[in-house]
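Asks: So that we are looking at the same thing, I have put the structure below in structure tokens.
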Amino acid sequence: MDIASIVPINIVPDPKRYGKFVELQRSLLDLIAPELRRAFRSKRYADVLAFIALLKRSVSTVAALRLTLQVVAERFQHIISETAEAQESRRQRIKTLRDYQRKLDRFGILSVEEEQERHLLEAEDLAQQLATLQRETRSGSRQLSKVSDIVEQLDEMISLAEACLHKDPKIDRVKDVIAEIRKVEPRANILIYTEYVDSQKVLAEALHNTPEIGQVVTMSGLDGDKARASVTEQFRSRDNLILVSTDSAAEGLNLQQRCHHLIHLELPFNPNRLEQRNGRIDRYGQRLNPMVRYLFLRGTFEDRILLRLIAKYERMRSRLTFVPNTLGLSSSTDAAQERLLKGIMDDDAKLFKEDATLFDFKSEEETPVADEATKELLEEIDRSLKGFEQAAKTNVWLGDAGLNAETKLVEEAGEARKQGNRAESVDLSRFVVNAVLLDGGDLVEGDTGRPVFILRVPPAWTYGLDQLPGYDSDKRLIRLTTDIEITADPKGDEVGYLGRAHPLVRRALDRVRNLSFGGNSAANQDPRASVAKANVSEPTLLFTFLGRVSSRNGREFERVITVKTTREGDTLLMTSASEWSSLADPGKGVRTTGIWDEHFEDWHEQAQDRATKSAEAGFRPLAEQFTAERSKSLKSENNAQTEWLKKRAEEITGSVVSAPARQGELFGSDGDEGTSDTPAAEWASITDPSARLAAFASDRSRRPSQRSEAEGVLQLFRQRTHALERLMDLRPPEVIPLGMLMLVPEVNHGS
């Protein structure tokens with residue numbers, strides 16, 4: 001797969017064609033820009049959550065903006081005649097909005113219900129603040145230069161929005177982009193993402209009315225599982241389709257088979273959301289060069305701030321293949337709101353400015369920034385990404401998460417892939433079916449040679465299947481396929497992909513691993529034990545065992561041990577499959593009738609005891625060698641991890657001897673940022689790196705990006721230390737019986 005091509009597409013509305021749209025945008029900023037400045041001056045950053053949400057909708061589509069304005073206007077009419085809102089009510093609303101924002105910062109998406117509630121809460125907050133503004137204006141305590149009556153202003157904006165619904169510059173530009181793609185690739189599938197269901201609906205309708213660009217399908221969190229599966233199947237199996245999707249429907253989709261074009265209708269602030277969107281087409285299995293297009297309205301905060309953030313994200317992703325889940329900011333914090341406000345609160349003076357915006361997403365050269373506010377915000381991002389990149393480049397273990405690509409790791413990955421490809425020669429579906437049948441399940445329909453087959457799983461196998469595609473929990477039926485392209489059967493019912501990571505495969509492996517020979521009679525014998533002819537002089541039992549070393553983290557080392565033993569007590573230990581696999585040749589199998597009773601029933605218990613002791617003795621040196629090597633490696637890694645923490649603590653906080661001076665407050669009365677005679681912070685004398693970073697991260701006089709970097713380093717260190725502790729807790733070796741094969745002399749049973 002090639003590196004994704006990133007194409008920023010700027011949109012400058014032509015005043016002649018989009019005059020109403022330009023007027024709508026200016027009217028909106030006339031209303032809210034003064035409130036943004038007022039909140040910034042008084043440091044009431046919580047007051048702008050809903051205002052910023054309104055700005056984001058205004059650069060998505062006219063339809064999304066109109067709906068929000070209508071909801072705000074309706075609430076405003078009810079609120080304006082009431083008394084002022086109780087402080088507790090507002091506090092709870094702000095708290096809920098911030099909780100939703102924190103979830104977005106962390107995961108990138110909300111559920112449909114959460115998105116709807118968030119929209120209503122933002123509209124309520126806007127209406128309440130506008131009502132307060134209206135009361136202050138009427139009482140004479142506030143003077144508004146551009147807005148005399150908010151009711152009239154809201155009505156005017158709604159009328160403007162209705163007038164330009166069918167002249168939306170972003171929607172028109174999407175049509176143009178699709179037409180450009182179709183000229184080069186007439187049958188190409190195209191994926192379009194938007195943050196809002198309102199924008200999705202109006203865009204899909206506009207594209208439906210332009211039939212020459214191809215069939216349009218949609219997907220959102222409002223759709224059920226079957227509807228989503230149906231759309232996904234269409235998009236993965238047909239050409240000339242356009243899928244318009246919302247973020248709430250993004251998770252878990254693999255659309256790279258027939259699509260390498262992605263269009264972002266608006267620019268998300270959250271890199272988690274970007275990662276999820278781009279990951280639909282830019283992932284393993286993509287055969288073509290992914291083309292990612294970012295649409296933005298020039299002169300708005302999309303152009304001046306968000307596009308620059310995305311450019312930094314894309315540059316970092318091209319170098320590391322992985323980026324932190326925050327670009328140095330958490331947009332739910334006051335610090336983030338402060339910096340974002342500084343960057344956008346003068347948009348009313350720069351709206352749709354004609355200055356050329358040129359971005360090179362691959363070059364390290366930064367595009368010049370005109371205003372200091374945006375420059376300061378981007379510097380915060382740079383410091384955060386620099387610290388993350390240093391951590392990624394100086395630690396081999398971070399490569400496990402995809403943060404670097406050292407030569408050794410690339411070679412190991414290549415070898416692992418080769419082994420995985422060899423393993424694919426195993427008939428996975430037959431293996432699972434046999435294990436299910438062995439435990440009392442049933443092959444209900446089809447067989448492993450057909451595209452889709454249905455299994456009824458045993459009751460003990462149902463755990464963890466509830467949320468899987470194709471599973472009917474009431475009937476314990478599951479529809480499966482080994483063809484990744486198939487997501488539904490001919491009837492339209494959902495089908496699950498049976499890959500090596502499927503729970504049924506893991507359950508079948510455990511069934512084979514842990515099935516042991518037990519009991520004192522043939523009735524309790526492993527039902528898979530069989531008889532084979534072999535080059536032996538007398539009846540012989542072949543026992544197989546699984547030698548295992550585990551840690552608190554799970555299985556660490558496993559080896560199949562085989563012991564061949566006779567009635568007379570002769571035993572032969574075999575630790576390599578090549579030594580005994582020829583004995584299990586299915587072509588030399590014979591009927592089992594009477595064999596057990598005649599040759600093995602009276603001495604198998606003693607033979608099993610001897611074989612177990614031999615297997616334990618044979619596995620012990622292998623386990624000891626592994627344990628010694630593993631312990632040495634983990635101790636070395638733990639020491640390196642401690643040294644890394646010490647080094648990063650010095651890089652972030654300075655040396656213990658010469659601790660840095662405390663930085664002055666951003667809004668301090670004297671305006672200074674700290675001087676050499678400022679007393680050193682308390683953490684400056686702490687020698688323990690972990691405690692030092694923790695104290696530094698809680699020092700609110702430090703810049704948010706510095707504290708965030710310290711917290712990130714501590715979190716990485718604690719996570720890895722915890723993982724190493726679990727790995728170093730190695731348990732005593734164990735030997736588990738797997739099964740048994742009865743061997744009889746070829747001379748007595750034919751050749």
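Residue numbers start at 1 in each chain; chains themselves are named A, B, ... in the order of the structure tokens; ligands are numbered from 1 in the order shown.
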Compile the contact shell of Glu746 (chain A) as an mmCIF file with N, CA and C atoms, in the first residue's frame: residues with an atom at most 12 Å away, counting only C-alpha atoms, same-chain residues fewer than 3 positions apart removed.

Replies:
```
data_model
loop_
_atom_site.group_PDB
_atom_site.id
_atom_site.type_symbol
_atom_site.label_atom_id
_atom_site.label_comp_id
_atom_site.auth_asym_id
_atom_site.auth_seq_id
_atom_site.Cartn_x
_atom_site.Cartn_y
_atom_site.Cartn_z
ATOM 1 N N VAL A 531 -6.164 -45.724 16.300
ATOM 2 C CA VAL A 531 -5.163 -46.783 16.151
ATOM 3 C C VAL A 531 -4.504 -46.629 14.788
ATOM 4 N N ALA A 532 -3.187 -46.800 14.778
ATOM 5 C CA ALA A 532 -2.455 -46.737 13.523
ATOM 6 C C ALA A 532 -1.397 -47.824 13.499
ATOM 7 N N LYS A 533 -1.118 -48.325 12.294
ATOM 8 C CA LYS A 533 -0.025 -49.278 12.125
ATOM 9 C C LYS A 533 1.291 -48.506 12.147
ATOM 10 N N ALA A 534 2.321 -49.120 12.725
ATOM 11 C CA ALA A 534 3.614 -48.446 12.814
ATOM 12 C C ALA A 534 4.727 -49.476 12.838
ATOM 13 N N ASN A 535 5.945 -49.010 12.625
ATOM 14 C CA ASN A 535 7.114 -49.877 12.659
ATOM 15 C C ASN A 535 7.527 -50.104 14.115
ATOM 16 N N VAL A 536 6.707 -50.850 14.836
ATOM 17 C CA VAL A 536 6.975 -51.185 16.237
ATOM 18 C C VAL A 536 6.899 -52.703 16.389
ATOM 19 N N SER A 537 7.635 -53.227 17.368
ATOM 20 C CA SER A 537 7.684 -54.685 17.560
ATOM 21 C C SER A 537 6.557 -55.192 18.438
ATOM 22 N N GLU A 538 5.922 -54.314 19.187
ATOM 23 C CA GLU A 538 4.825 -54.705 20.079
ATOM 24 C C GLU A 538 3.856 -53.536 20.219
ATOM 25 N N PRO A 539 2.631 -53.769 20.709
ATOM 26 C CA PRO A 539 1.689 -52.676 20.894
ATOM 27 C C PRO A 539 2.301 -51.558 21.742
ATOM 28 N N THR A 540 2.144 -50.339 21.268
ATOM 29 C CA THR A 540 2.803 -49.178 21.878
ATOM 30 C C THR A 540 1.805 -48.033 21.987
ATOM 31 N N LEU A 583 4.229 -41.192 12.604
ATOM 32 C CA LEU A 583 3.474 -42.248 13.284
ATOM 33 C C LEU A 583 1.967 -41.993 13.235
ATOM 34 N N LYS A 588 -2.394 -44.945 7.567
ATOM 35 C CA LYS A 588 -2.064 -46.203 8.237
ATOM 36 C C LYS A 588 -3.038 -46.517 9.373
ATOM 37 N N GLY A 589 -4.160 -45.819 9.392
ATOM 38 C CA GLY A 589 -5.147 -46.081 10.427
ATOM 39 C C GLY A 589 -5.835 -47.419 10.233
ATOM 40 N N VAL A 590 -6.243 -48.057 11.343
ATOM 41 C CA VAL A 590 -6.983 -49.324 11.294
ATOM 42 C C VAL A 590 -8.205 -49.193 12.193
ATOM 43 N N LEU A 743 -0.566 -47.601 18.815
ATOM 44 C CA LEU A 743 0.243 -48.101 17.706
ATOM 45 C C LEU A 743 0.322 -49.622 17.773
ATOM 46 N N HIS A 749 -0.973 -56.604 11.324
ATOM 47 C CA HIS A 749 -2.205 -55.951 10.859
ATOM 48 C C HIS A 749 -2.144 -55.590 9.381
ATOM 49 N N GLY A 750 -1.362 -56.313 8.649
ATOM 50 C CA GLY A 750 -1.292 -56.080 7.203
ATOM 51 C C GLY A 750 -0.348 -54.952 6.861
ATOM 52 N N SER A 751 0.027 -54.891 5.626
ATOM 53 C CA SER A 751 0.967 -53.858 5.183
ATOM 54 C C SER A 751 0.241 -52.836 4.344
#
```

Asks: Between A:Ala697, A:Val444, A:Ala460, A:Leu309, which is the closest to Leu714 (chain A) once you count only C-alpha atoms?

Replies: A:Ala697
